[in-house]
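File shown here: input26.tsv, holding TSV, C-alpha atoms.
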```
chain	number	residue	atom	x	y	z
A	27	MET	CA	88.08	158.06	-45.32
A	28	ALA	CA	86.87	161.24	-47.02
A	29	VAL	CA	86.97	159.46	-50.40
A	30	LEU	CA	84.72	156.67	-49.13
A	31	ILE	CA	82.19	159.14	-47.76
A	32	ILE	CA	82.00	161.00	-51.12
A	33	ALA	CA	81.58	157.72	-53.09
A	34	GLY	CA	78.73	156.64	-50.83
A	35	ALA	CA	76.95	159.96	-51.29
A	36	VAL	CA	77.19	159.71	-55.11
A	37	ALA	CA	75.81	156.17	-55.07
A	38	TRP	CA	72.87	157.28	-52.91
A	39	TRP	CA	71.95	160.14	-55.30
A	40	HIS	CA	72.23	158.05	-58.59
A	41	PRO	CA	68.89	157.62	-60.53
A	42	TRP	CA	68.92	153.81	-60.18
A	43	ASN	CA	68.42	154.21	-56.47
A	44	ARG	CA	65.36	156.56	-56.89
A	45	GLY	CA	62.73	153.87	-57.47
A	46	GLY	CA	60.09	155.70	-55.44
A	47	THR	CA	60.13	158.73	-57.75
A	48	ALA	CA	59.91	157.26	-61.35
A	49	GLY	CA	57.99	154.05	-62.25
A	50	SER	CA	59.55	151.17	-64.12
A	51	PRO	CA	58.67	150.51	-67.82
A	52	GLN	CA	56.60	147.52	-66.74
A	53	GLN	CA	54.60	149.67	-64.34
A	54	ALA	CA	54.06	152.29	-67.08
A	55	HIS	CA	52.81	149.62	-69.49
A	56	GLN	CA	50.37	148.24	-66.94
A	57	GLY	CA	49.10	151.72	-66.22
A	58	GLY	CA	48.54	152.35	-69.95
A	59	ARG	CA	46.47	149.19	-70.29
A	60	ARG	CA	44.35	150.13	-67.32
A	61	GLY	CA	43.77	153.58	-68.86
A	62	GLY	CA	42.66	152.11	-72.21
A	63	ALA	CA	40.27	149.70	-70.52
A	64	ASP	CA	38.85	152.50	-68.42
A	65	ALA	CA	38.28	154.57	-71.59
A	66	MET	CA	36.45	151.67	-73.27
A	67	ASN	CA	34.22	151.25	-70.21
A	68	GLN	CA	33.25	154.91	-70.22
A	69	PRO	CA	29.62	155.65	-71.25
A	70	GLN	CA	29.44	156.44	-74.96
A	71	PRO	CA	27.52	159.58	-76.01
A	72	VAL	CA	24.66	158.75	-78.41
A	73	HIS	CA	21.44	160.24	-79.72
A	74	VAL	CA	18.23	158.29	-79.29
A	75	ALA	CA	14.66	158.38	-80.57
A	76	THR	CA	11.43	156.92	-79.27
A	77	VAL	CA	9.63	154.26	-81.29
A	78	SER	CA	6.34	155.79	-82.45
A	79	GLN	CA	3.12	154.65	-84.05
A	80	GLY	CA	1.46	156.24	-87.07
A	81	GLU	CA	0.58	155.97	-90.73
A	82	MET	CA	3.24	154.68	-93.09
A	83	PRO	CA	2.77	155.24	-96.82
A	84	VAL	CA	3.73	152.36	-99.09
A	85	VAL	CA	5.64	154.13	-101.84
A	86	ILE	CA	7.24	152.78	-105.01
A	87	ASN	CA	10.24	154.85	-106.10
A	88	ALA	CA	11.34	154.88	-109.72
A	89	LEU	CA	13.26	156.96	-112.22
A	90	GLY	CA	11.00	158.24	-115.00
A	91	THR	CA	11.07	160.31	-118.16
A	92	VAL	CA	8.69	163.18	-118.83
A	93	THR	CA	6.77	162.29	-121.98
A	94	PRO	CA	4.21	164.57	-123.68
A	95	LEU	CA	0.75	163.15	-124.33
A	96	ALA	CA	0.93	164.62	-127.85
A	97	ASN	CA	3.92	165.60	-129.99
A	98	VAL	CA	2.60	166.68	-133.39
A	99	THR	CA	4.51	167.67	-136.51
A	100	VAL	CA	2.27	170.19	-138.27
A	101	LYS	CA	2.38	169.52	-142.01
A	102	THR	CA	0.58	171.20	-144.87
A	103	GLN	CA	-2.23	169.20	-146.48
A	104	LEU	CA	-1.92	170.88	-149.87
A	105	SER	CA	0.81	172.43	-151.98
A	106	GLY	CA	1.31	176.14	-152.38
A	107	THR	CA	3.33	179.21	-151.50
A	108	LEU	CA	3.64	179.93	-147.79
A	109	MET	CA	2.47	183.53	-147.46
A	110	ASP	CA	2.61	184.10	-143.69
A	111	VAL	CA	3.64	182.49	-140.40
A	112	ALA	CA	1.43	183.58	-137.51
A	113	PHE	CA	3.32	182.18	-134.52
A	114	HIS	CA	6.47	182.94	-132.57
A	115	GLU	CA	8.93	180.21	-131.70
A	116	GLY	CA	8.31	178.90	-128.19
A	117	GLN	CA	4.80	180.35	-128.07
A	118	MET	CA	1.96	178.58	-126.29
A	119	VAL	CA	-0.93	177.99	-128.70
A	120	LYS	CA	-4.42	176.58	-128.37
A	121	LYS	CA	-6.11	174.03	-130.57
A	122	GLY	CA	-7.50	175.79	-133.65
A	123	ASP	CA	-5.15	178.80	-133.58
A	124	VAL	CA	-3.90	179.87	-137.03
A	125	LEU	CA	-0.23	179.02	-137.50
A	126	ALA	CA	0.41	179.80	-141.17
A	127	GLN	CA	-1.33	180.77	-144.41
A	128	ILE	CA	-0.84	179.26	-147.86
A	129	ASP	CA	-1.74	181.35	-150.94
A	130	PRO	CA	-5.46	180.57	-151.39
A	131	ARG	CA	-6.00	182.22	-154.79
A	132	PRO	CA	-5.49	179.14	-157.01
A	133	TYR	CA	-7.97	177.22	-154.87
A	134	GLU	CA	-10.49	180.07	-154.89
A	135	ILE	CA	-10.44	180.04	-158.71
A	136	SER	CA	-10.89	176.27	-158.77
A	137	LEU	CA	-13.80	176.61	-156.37
A	138	ARG	CA	-15.59	179.15	-158.55
A	139	ASN	CA	-15.07	176.94	-161.61
A	140	ALA	CA	-16.54	173.95	-159.77
A	141	GLN	CA	-19.49	176.01	-158.59
A	142	GLY	CA	-20.18	177.09	-162.19
A	143	THR	CA	-20.12	173.52	-163.43
A	144	LEU	CA	-22.47	172.53	-160.63
A	145	ALA	CA	-24.93	175.27	-161.53
A	146	ARG	CA	-24.94	174.23	-165.20
A	147	ASP	CA	-25.51	170.58	-164.46
A	148	GLN	CA	-28.24	171.40	-161.95
A	149	ALA	CA	-30.06	173.37	-164.69
A	150	LEU	CA	-29.70	170.50	-167.15
A	151	LEU	CA	-31.01	168.10	-164.52
A	152	GLN	CA	-34.03	170.29	-163.89
A	153	THR	CA	-34.85	170.44	-167.62
A	154	ALA	CA	-34.43	166.69	-167.99
A	155	ARG	CA	-36.81	166.03	-165.10
A	156	LEU	CA	-39.50	168.29	-166.61
A	157	ASP	CA	-39.17	166.55	-169.97
A	158	LEU	CA	-39.46	163.19	-168.25
A	159	GLN	CA	-42.72	164.25	-166.59
A	160	ARG	CA	-44.18	165.36	-169.94
A	161	TYR	CA	-43.11	162.14	-171.64
A	162	GLN	CA	-44.70	160.07	-168.91
A	163	THR	CA	-47.97	161.98	-169.40
A	164	LEU	CA	-47.89	161.39	-173.13
A	165	LEU	CA	-47.09	157.72	-172.58
A	166	SER	CA	-50.19	157.33	-170.44
A	167	GLN	CA	-52.18	158.69	-173.42
A	168	ASP	CA	-50.43	156.32	-175.83
A	169	SER	CA	-49.08	159.38	-177.65
A	170	ILE	CA	-45.39	158.49	-177.38
A	171	ALA	CA	-43.22	155.42	-177.52
A	172	LYS	CA	-42.10	153.86	-174.25
A	173	GLN	CA	-38.51	153.77	-175.50
A	174	GLN	CA	-38.38	157.56	-175.59
A	175	VAL	CA	-39.58	157.72	-171.98
A	176	ASP	CA	-36.90	155.24	-170.88
A	177	THR	CA	-34.20	157.24	-172.67
A	178	GLN	CA	-35.29	160.42	-170.93
A	179	ALA	CA	-35.26	158.66	-167.52
A	180	SER	CA	-31.68	157.55	-168.13
A	181	LEU	CA	-30.72	161.12	-169.04
A	182	VAL	CA	-32.15	162.35	-165.73
A	183	LYS	CA	-30.06	159.83	-163.82
A	184	GLN	CA	-26.99	160.89	-165.80
A	185	TYR	CA	-27.49	164.52	-164.83
A	186	GLU	CA	-28.12	163.53	-161.22
A	187	GLY	CA	-24.73	161.80	-161.18
A	188	ALA	CA	-23.07	164.82	-162.75
A	189	VAL	CA	-24.58	167.12	-160.11
A	190	LYS	CA	-23.31	164.89	-157.31
A	191	SER	CA	-19.84	164.88	-158.85
A	192	ASP	CA	-19.93	168.65	-159.23
A	193	GLN	CA	-21.01	169.04	-155.60
A	194	ALA	CA	-18.11	166.86	-154.50
A	195	ASN	CA	-15.70	169.06	-156.45
A	196	VAL	CA	-17.14	172.15	-154.78
A	197	ASP	CA	-16.76	170.58	-151.34
A	198	THR	CA	-13.18	169.56	-152.15
A	199	TYR	CA	-12.14	173.07	-153.12
A	200	LYS	CA	-13.86	174.49	-150.07
A	201	LEU	CA	-11.87	172.05	-147.95
A	202	ASP	CA	-8.69	173.10	-149.75
A	203	LEU	CA	-9.40	176.70	-148.79
A	204	THR	CA	-9.76	175.53	-145.20
A	205	TYR	CA	-6.45	173.67	-145.43
A	206	ALA	CA	-4.82	176.82	-146.81
A	207	ARG	CA	-5.13	178.16	-143.25
A	208	ILE	CA	-2.84	175.89	-141.23
A	209	THR	CA	-4.16	175.62	-137.67
A	210	ALA	CA	-2.88	174.00	-134.47
A	211	PRO	CA	-4.22	170.43	-134.13
A	212	VAL	CA	-3.50	170.40	-130.35
A	213	SER	CA	-2.80	172.88	-127.60
A	214	GLY	CA	0.82	173.14	-126.57
A	215	ARG	CA	4.15	174.83	-127.09
A	216	VAL	CA	5.48	175.38	-130.60
A	217	GLY	CA	9.10	174.60	-131.31
A	218	LEU	CA	11.49	176.09	-133.83
A	219	ARG	CA	10.10	177.12	-137.21
A	220	GLN	CA	10.94	174.63	-139.96
A	221	VAL	CA	10.07	176.79	-142.99
A	222	ASP	CA	10.02	180.51	-143.75
A	223	PRO	CA	7.38	182.56	-145.59
A	224	GLY	CA	7.84	182.66	-149.37
A	225	ASN	CA	8.78	179.00	-149.70
A	226	TYR	CA	6.73	176.62	-151.78
A	227	VAL	CA	5.53	173.84	-149.51
A	228	THR	CA	4.16	170.45	-150.46
A	229	THR	CA	2.42	167.60	-148.70
A	230	GLY	CA	5.61	165.53	-148.99
A	231	ASP	CA	7.68	167.81	-146.74
A	232	THR	CA	8.84	165.56	-143.88
A	233	ASN	CA	9.86	168.37	-141.52
A	234	GLY	CA	6.52	170.14	-141.75
A	235	VAL	CA	6.01	173.73	-140.66
A	236	VAL	CA	6.55	173.35	-136.91
A	237	VAL	CA	6.30	170.79	-134.08
A	238	ILE	CA	3.78	171.31	-131.27
A	239	THR	CA	4.34	169.58	-127.94
A	240	GLN	CA	1.49	169.30	-125.47
A	241	LEU	CA	2.66	170.35	-122.00
A	242	GLN	CA	-0.61	170.60	-120.05
A	243	PRO	CA	-1.37	167.92	-119.10
A	244	ILE	CA	1.82	165.93	-119.44
A	245	SER	CA	2.87	162.43	-118.44
A	246	VAL	CA	5.80	160.62	-116.87
A	247	ILE	CA	6.67	157.10	-117.99
A	248	PHE	CA	8.56	155.03	-115.42
A	249	THR	CA	9.27	151.37	-114.77
A	250	THR	CA	8.89	149.17	-111.73
A	251	SER	CA	9.67	145.56	-110.89
A	252	GLU	CA	7.16	142.92	-111.83
A	253	ASP	CA	7.07	142.03	-108.11
A	254	ASN	CA	5.16	145.28	-107.48
A	255	LEU	CA	2.59	144.63	-110.20
A	256	ALA	CA	0.04	142.87	-107.99
A	257	ALA	CA	0.07	145.69	-105.42
A	258	ILE	CA	-0.48	148.22	-108.21
A	259	MET	CA	-3.15	146.42	-110.22
A	260	LYS	CA	-5.43	145.66	-107.27
A	261	PRO	CA	-6.37	149.30	-106.48
A	262	LEU	CA	-6.18	150.23	-110.17
A	263	ARG	CA	-8.86	147.67	-111.08
A	264	ALA	CA	-10.98	148.91	-108.18
A	265	GLY	CA	-10.95	152.40	-109.66
A	266	VAL	CA	-8.73	153.91	-106.97
A	267	LYS	CA	-6.72	156.90	-108.19
A	268	MET	CA	-3.18	156.30	-106.95
A	269	SER	CA	-1.24	159.47	-106.24
A	270	ALA	CA	2.08	160.02	-108.00
A	271	THR	CA	4.61	162.75	-107.27
A	272	ALA	CA	7.47	163.83	-109.53
A	273	TYR	CA	10.69	165.01	-107.86
A	274	ASP	CA	13.73	166.68	-109.37
A	275	ARG	CA	16.87	164.79	-110.33
A	276	ALA	CA	18.33	165.24	-106.82
A	277	ASN	CA	15.12	163.79	-105.34
A	278	THR	CA	14.78	166.75	-102.96
A	279	THR	CA	12.16	169.05	-104.49
A	280	ALA	CA	8.63	168.01	-105.44
A	281	LEU	CA	7.82	169.36	-108.91
A	282	GLU	CA	4.26	168.20	-109.54
A	283	SER	CA	1.59	165.88	-108.19
A	284	GLY	CA	-0.65	163.71	-110.34
A	285	TYR	CA	-2.19	160.26	-110.66
A	286	LEU	CA	-1.32	156.91	-112.17
A	287	GLU	CA	-2.99	156.71	-115.56
A	288	THR	CA	-2.29	153.21	-116.81
A	289	VAL	CA	0.03	150.20	-116.83
A	290	ASP	CA	1.59	148.72	-119.96
A	291	ASN	CA	0.15	145.47	-121.29
A	292	GLN	CA	3.31	143.39	-121.03
A	293	ILE	CA	6.44	142.85	-118.93
A	294	ASP	CA	9.89	143.34	-120.41
A	295	THR	CA	11.40	139.86	-120.23
A	296	ALA	CA	14.95	141.23	-120.44
A	297	THR	CA	14.65	143.40	-117.31
A	298	GLY	CA	11.65	141.96	-115.48
A	299	THR	CA	10.03	145.39	-115.32
A	300	VAL	CA	6.79	146.92	-116.54
A	301	LYS	CA	6.13	150.46	-117.76
A	302	LEU	CA	3.64	152.78	-116.08
A	303	ARG	CA	2.29	156.18	-117.09
A	304	ALA	CA	1.31	158.90	-114.62
A	305	THR	CA	-0.30	162.16	-115.73
A	306	PHE	CA	0.25	165.62	-114.25
A	307	ASP	CA	-1.57	168.93	-114.81
A	308	ASN	CA	1.80	170.72	-115.04
A	309	LYS	CA	0.19	174.12	-114.48
A	310	GLU	CA	3.52	175.68	-113.53
A	311	SER	CA	5.30	174.04	-116.50
A	312	LEU	CA	7.93	172.56	-114.18
A	313	LEU	CA	7.92	169.29	-116.11
A	314	PHE	CA	9.62	169.47	-119.51
A	315	PRO	CA	9.63	166.79	-122.23
A	316	ASN	CA	12.45	164.22	-121.95
A	317	GLN	CA	13.34	165.46	-118.45
A	318	PHE	CA	14.50	162.79	-115.98
A	319	VAL	CA	12.55	162.85	-112.72
A	320	ASN	CA	12.25	160.71	-109.61
A	321	THR	CA	8.72	159.36	-109.32
A	322	LYS	CA	7.03	158.27	-106.10
A	323	LEU	CA	3.85	156.23	-106.50
A	324	LEU	CA	1.66	155.94	-103.40
A	325	VAL	CA	0.28	152.40	-103.46
A	326	ASP	CA	-1.17	152.08	-99.95
A	327	VAL	CA	-1.10	153.53	-96.43
A	328	ILE	CA	-0.43	151.26	-93.44
A	329	LYS	CA	-2.42	152.27	-90.36
A	330	ASN	CA	-0.91	152.08	-86.84
A	331	ALA	CA	2.54	151.16	-88.10
A	332	THR	CA	5.54	150.94	-85.76
A	333	ILE	CA	7.95	153.60	-86.98
A	334	VAL	CA	11.60	154.44	-86.23
A	335	PRO	CA	14.07	156.81	-87.89
A	336	THR	CA	15.80	155.10	-90.80
A	337	SER	CA	19.19	155.88	-89.24
A	338	ALA	CA	18.35	153.57	-86.33
A	339	VAL	CA	18.23	150.46	-88.54
A	340	LEU	CA	21.59	148.76	-89.09
A	341	ASN	CA	22.48	145.74	-91.20
A	342	GLY	CA	24.59	142.82	-90.06
A	343	SER	CA	25.30	139.23	-90.97
A	344	SER	CA	22.06	138.13	-89.30
A	345	GLY	CA	19.95	140.82	-90.95
A	346	SER	CA	18.57	144.14	-89.76
A	347	PHE	CA	19.00	145.15	-86.13
A	348	VAL	CA	18.79	148.15	-83.81
A	349	TYR	CA	20.36	149.16	-80.51
A	350	VAL	CA	17.60	149.37	-77.90
A	351	VAL	CA	18.24	151.57	-74.85
A	352	LYS	CA	17.48	149.82	-71.56
A	353	PRO	CA	16.33	151.65	-68.39
A	354	ASP	CA	19.85	151.44	-66.89
A	355	ASN	CA	21.26	153.36	-69.88
A	356	THR	CA	22.87	150.33	-71.45
A	357	VAL	CA	22.08	149.03	-74.92
A	358	THR	CA	21.09	145.66	-76.24
A	359	VAL	CA	21.10	144.40	-79.81
A	360	ARG	CA	17.61	143.63	-81.13
A	361	ASN	CA	16.95	141.94	-84.48
A	362	VAL	CA	14.03	143.51	-86.34
A	363	LYS	CA	12.01	142.86	-89.46
A	364	THR	CA	11.60	146.02	-91.49
A	365	GLY	CA	8.64	147.07	-93.60
A	366	PRO	CA	8.13	149.92	-96.08
A	367	VAL	CA	10.58	152.83	-95.96
A	368	ASP	CA	9.58	156.45	-96.52
A	369	GLY	CA	12.74	158.53	-96.65
A	370	GLU	CA	13.88	159.15	-93.07
A	371	ARG	CA	11.21	156.87	-91.59
A	372	THR	CA	11.19	153.07	-91.56
A	373	SER	CA	8.34	150.84	-90.45
A	374	ILE	CA	9.09	147.84	-88.26
A	375	LYS	CA	7.02	144.69	-88.72
A	376	SER	CA	8.40	142.90	-85.64
A	377	GLY	CA	11.06	143.27	-82.97
A	378	LEU	CA	10.14	146.61	-81.37
A	379	GLN	CA	7.39	148.01	-79.20
A	380	VAL	CA	5.98	151.52	-79.29
A	381	GLY	CA	7.63	153.66	-76.61
A	382	GLU	CA	11.01	151.92	-76.62
A	383	ARG	CA	14.08	153.99	-77.30
A	384	VAL	CA	16.59	153.22	-80.04
A	385	VAL	CA	19.99	154.67	-80.88
A	386	ILE	CA	19.99	156.81	-84.02
A	387	ASP	CA	23.52	158.26	-83.87
A	388	GLY	CA	26.78	157.00	-82.36
A	389	SER	CA	26.04	153.30	-82.82
A	390	ASP	CA	29.45	152.64	-84.40
A	391	ARG	CA	31.02	152.79	-80.92
A	392	LEU	CA	28.55	150.40	-79.30
A	393	LYS	CA	28.33	146.70	-78.55
A	394	GLU	CA	26.01	144.47	-76.56
A	395	GLY	CA	25.65	145.80	-73.00
A	396	ALA	CA	27.61	149.00	-73.65
A	397	LYS	CA	26.92	151.94	-71.38
A	398	ILE	CA	25.65	155.12	-72.99
A	399	THR	CA	25.04	158.71	-72.10
A	400	ILE	CA	22.47	160.87	-73.80
A	401	PRO	CA	23.52	164.50	-74.41
A	402	ALA	CA	20.67	165.93	-72.33
A	403	GLU	CA	21.55	163.64	-69.39
A	404	ARG	CA	25.26	164.29	-69.80
A	405	ALA	CA	24.63	168.03	-69.52
A	406	LYS	CA	22.92	167.49	-66.13
A	407	GLY	CA	25.98	165.65	-64.75
A	408	ALA	CA	28.50	168.12	-66.10
A	409	SER	CA	28.96	169.87	-62.72
A	410	GLY	CA	29.71	166.57	-60.95
A	411	ALA	CA	32.27	165.69	-63.58
A	412	SER	CA	33.88	169.08	-63.15
A	413	ALA	CA	34.01	168.63	-59.38
A	414	ALA	CA	35.58	165.20	-59.74
A	415	SER	CA	38.05	166.59	-62.19
A	416	GLY	CA	38.88	169.39	-59.78
A	417	ALA	CA	39.33	166.94	-56.91
A	418	SER	CA	41.64	164.80	-59.01
A	419	ALA	CA	43.68	167.84	-59.91
A	420	ALA	CA	43.89	168.87	-56.27
A	421	ALA	CA	44.98	165.39	-55.23
A	422	ALA	CA	47.61	165.33	-57.94
A	423	ALA	CA	48.88	168.71	-56.83
A	424	SER	CA	48.98	167.56	-53.20
A	425	GLY	CA	50.88	164.39	-54.13
A	426	ALA	CA	53.37	166.37	-56.15
A	427	SER	CA	53.85	168.74	-53.25
A	428	GLY	CA	54.39	165.85	-50.82
A	429	ALA	CA	56.90	164.23	-53.12
A	430	GLN	CA	58.75	167.49	-53.39
A	431	HIS	CA	58.87	167.91	-49.61
A	432	GLY	CA	60.00	164.28	-49.21
A	433	GLY	CA	62.85	164.88	-51.61
A	434	HIS	CA	63.95	167.90	-49.70
A	435	HIS	CA	63.75	165.93	-46.47
A	436	ARG	CA	66.04	163.21	-47.83
A	437	ARG	CA	68.49	165.75	-49.04
A	438	GLN	CA	68.55	167.35	-45.59
A	439	GLN	CA	69.37	164.01	-44.06
```
Would you write the structure of this file as structure tokens?
Amino acid sequence: MAVLIIAGAVAWWHPWNRGGTAGSPQQAHQGGRRGGADAMNQPQPVHVATVSQGEMPVVINALGTVTPLANVTVKTQLSGTLMDVAFHEGQMVKKGDVLAQIDPRPYEISLRNAQGTLARDQALLQTARLDLQRYQTLLSQDSIAKQQVDTQASLVKQYEGAVKSDQANVDTYKLDLTYARITAPVSGRVGLRQVDPGNYVTTGDTNGVVVITQLQPISVIFTTSEDNLAAIMKPLRAGVKMSATAYDRANTTALESGYLETVDNQIDTATGTVKLRATFDNKESLLFPNQFVNTKLLVDVIKNATIVPTSAVLNGSSGSFVYVVKPDNTVTVRNVKTGPVDGERTSIKSGLQVGERVVIDGSDRLKEGAKITIPAERAKGASGASAASGASAAAAASGASGAQHGGHHRRQQ
């Protein structure tokens, strides 16, 4: 009898008889599914922005190359010994500044010789003209033959030609003396020196003396699609100066502002693009020849445009769309037609009204009709959530306590 009582007690305390304390695997699985569904139905935190109205610039973005308006190799225009170099490498020079000096002495001697020849021939011409006047007087008195007068007239013309030739020689040697002083043909920055003083230079030297690059003003050559050509040419023909801004390689810092100068006269058939040139004052010398820059050309400004943050516009199989926030803090998918984009701002041609709210962050967790919470609104309800959480904790603690007392009660029985 005692053995039967003990066996019955063991069977009563075995875990398979304690169904009220631990749930079955099926019950646990069902509870997990309910928890996941509840989590999906929870409001998703997002950031929103209000659709605004304002001016939207129509900007053409392109990668360009800084190109000097003048890049001149300074060469000597006569042969001679280079006596002096008057510039420092990298120096900024102005047009007309002396860069180098060629030995002028051989050309000074040639000039004096030409001046002497000119003076002699001028004297001979003067004498010949006086003789011609006397001969003409005698001819009028029939005191001399006409042939002698004609011969003297030819001699005068001969001396006149000699004087002109002599004067040309004088001018040539004077010009040579001017060329002996090598001056800057343009204003700009000189590069590395190509020849040192003491060398004999000639007009055939391909490297020249130095290269001068004009930096102020300077230009940027960039390309754009032929599709943009009509929008560019219309204001250009009307005489409108279109603003252009050059940005650094990272496209974050504006280096210089200028204007569109001209458009090339043909389209590249291989790429379907056309070249444009914009000029910049470059007063701070932030643009350097052959530098790559991002160029933004302002073509037009749209008045009263509907504008949203660029991050609000998403792309799907049906095109561009946004998540619009409804008054009940749910979202709906709205297809939109976008217009020009200016960095972090995008214009909307159709699909949105000014004053509506759109999701700009957190849209990856959304779908049609999803509930949302905005951080500012979520902060207001934080105390209620804490209270609910506290109540749930208290209930759980109470249930655990009851279960514990129930267990003790069964054991007492």
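Of the listed residues (A:Pro353, A:Pro94, A:Gly298, A:Gly395), A:Gly298 comes nearest to Asn254 (chain A); the distances count only C-alpha atoms.
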Check your understanding: Counting only C-alpha atoms, what is within 8 Å of region 225-242 of chain A, bar same-chain residues fewer than 6 positions away, as JSON, numbers by chain?
Key -> {"A": [94, 95, 96, 97, 98, 99, 100, 101, 102, 103, 104, 105, 106, 107, 108, 210, 212, 213, 214, 215, 216, 217, 218, 219, 306, 307, 308, 309, 311, 313, 314, 315]}
Exercise for review: Please return, as a PyMOL selection string, all polymer residues that have at least one atom within 9 Å of the point (12.6, 153.6, -83.9); use only C-alpha atoms and the file's own coordinate frame.
Suggested key: chain A and resi 74-78+332-339+348+350+371-374+378-386
For the residues in that selection, give me C-alpha atoms as a PDB file, in the coordinates of the input.
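Result file out28.pdb:
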```pdb
ATOM      1  CA  VAL A  74      18.230 158.290 -79.290  1.00  0.00           C
ATOM      2  CA  ALA A  75      14.660 158.380 -80.570  1.00  0.00           C
ATOM      3  CA  THR A  76      11.430 156.920 -79.270  1.00  0.00           C
ATOM      4  CA  VAL A  77       9.630 154.260 -81.290  1.00  0.00           C
ATOM      5  CA  SER A  78       6.340 155.790 -82.450  1.00  0.00           C
ATOM      6  CA  THR A 332       5.540 150.940 -85.760  1.00  0.00           C
ATOM      7  CA  ILE A 333       7.950 153.600 -86.980  1.00  0.00           C
ATOM      8  CA  VAL A 334      11.600 154.440 -86.230  1.00  0.00           C
ATOM      9  CA  PRO A 335      14.070 156.810 -87.890  1.00  0.00           C
ATOM     10  CA  THR A 336      15.800 155.100 -90.800  1.00  0.00           C
ATOM     11  CA  SER A 337      19.190 155.880 -89.240  1.00  0.00           C
ATOM     12  CA  ALA A 338      18.350 153.570 -86.330  1.00  0.00           C
ATOM     13  CA  VAL A 339      18.230 150.460 -88.540  1.00  0.00           C
ATOM     14  CA  VAL A 348      18.790 148.150 -83.810  1.00  0.00           C
ATOM     15  CA  VAL A 350      17.600 149.370 -77.900  1.00  0.00           C
ATOM     16  CA  ARG A 371      11.210 156.870 -91.590  1.00  0.00           C
ATOM     17  CA  THR A 372      11.190 153.070 -91.560  1.00  0.00           C
ATOM     18  CA  SER A 373       8.340 150.840 -90.450  1.00  0.00           C
ATOM     19  CA  ILE A 374       9.090 147.840 -88.260  1.00  0.00           C
ATOM     20  CA  LEU A 378      10.140 146.610 -81.370  1.00  0.00           C
ATOM     21  CA  GLN A 379       7.390 148.010 -79.200  1.00  0.00           C
ATOM     22  CA  VAL A 380       5.980 151.520 -79.290  1.00  0.00           C
ATOM     23  CA  GLY A 381       7.630 153.660 -76.610  1.00  0.00           C
ATOM     24  CA  GLU A 382      11.010 151.920 -76.620  1.00  0.00           C
ATOM     25  CA  ARG A 383      14.080 153.990 -77.300  1.00  0.00           C
ATOM     26  CA  VAL A 384      16.590 153.220 -80.040  1.00  0.00           C
ATOM     27  CA  VAL A 385      19.990 154.670 -80.880  1.00  0.00           C
ATOM     28  CA  ILE A 386      19.990 156.810 -84.020  1.00  0.00           C
TER      29      ILE A 386
END
```
Check your understanding: Counting all atoms listed in the file, what is within 6 Å of Thr299 (chain A), bar same-chain residues fewer than 5 positions away, as a ChimeraX atom specification?
Key -> /A:250-252,293-294
Check your understanding: Of the residues A:Leu340, A:Leu137, A:Ala257, A:Leu281, which is the one nearest to Gln317 (chain A), using only C-alpha atoms?
Key ->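 Once distances to Gln317 (chain A) are computed over only C-alpha atoms, the minimum belongs to A:Leu281.
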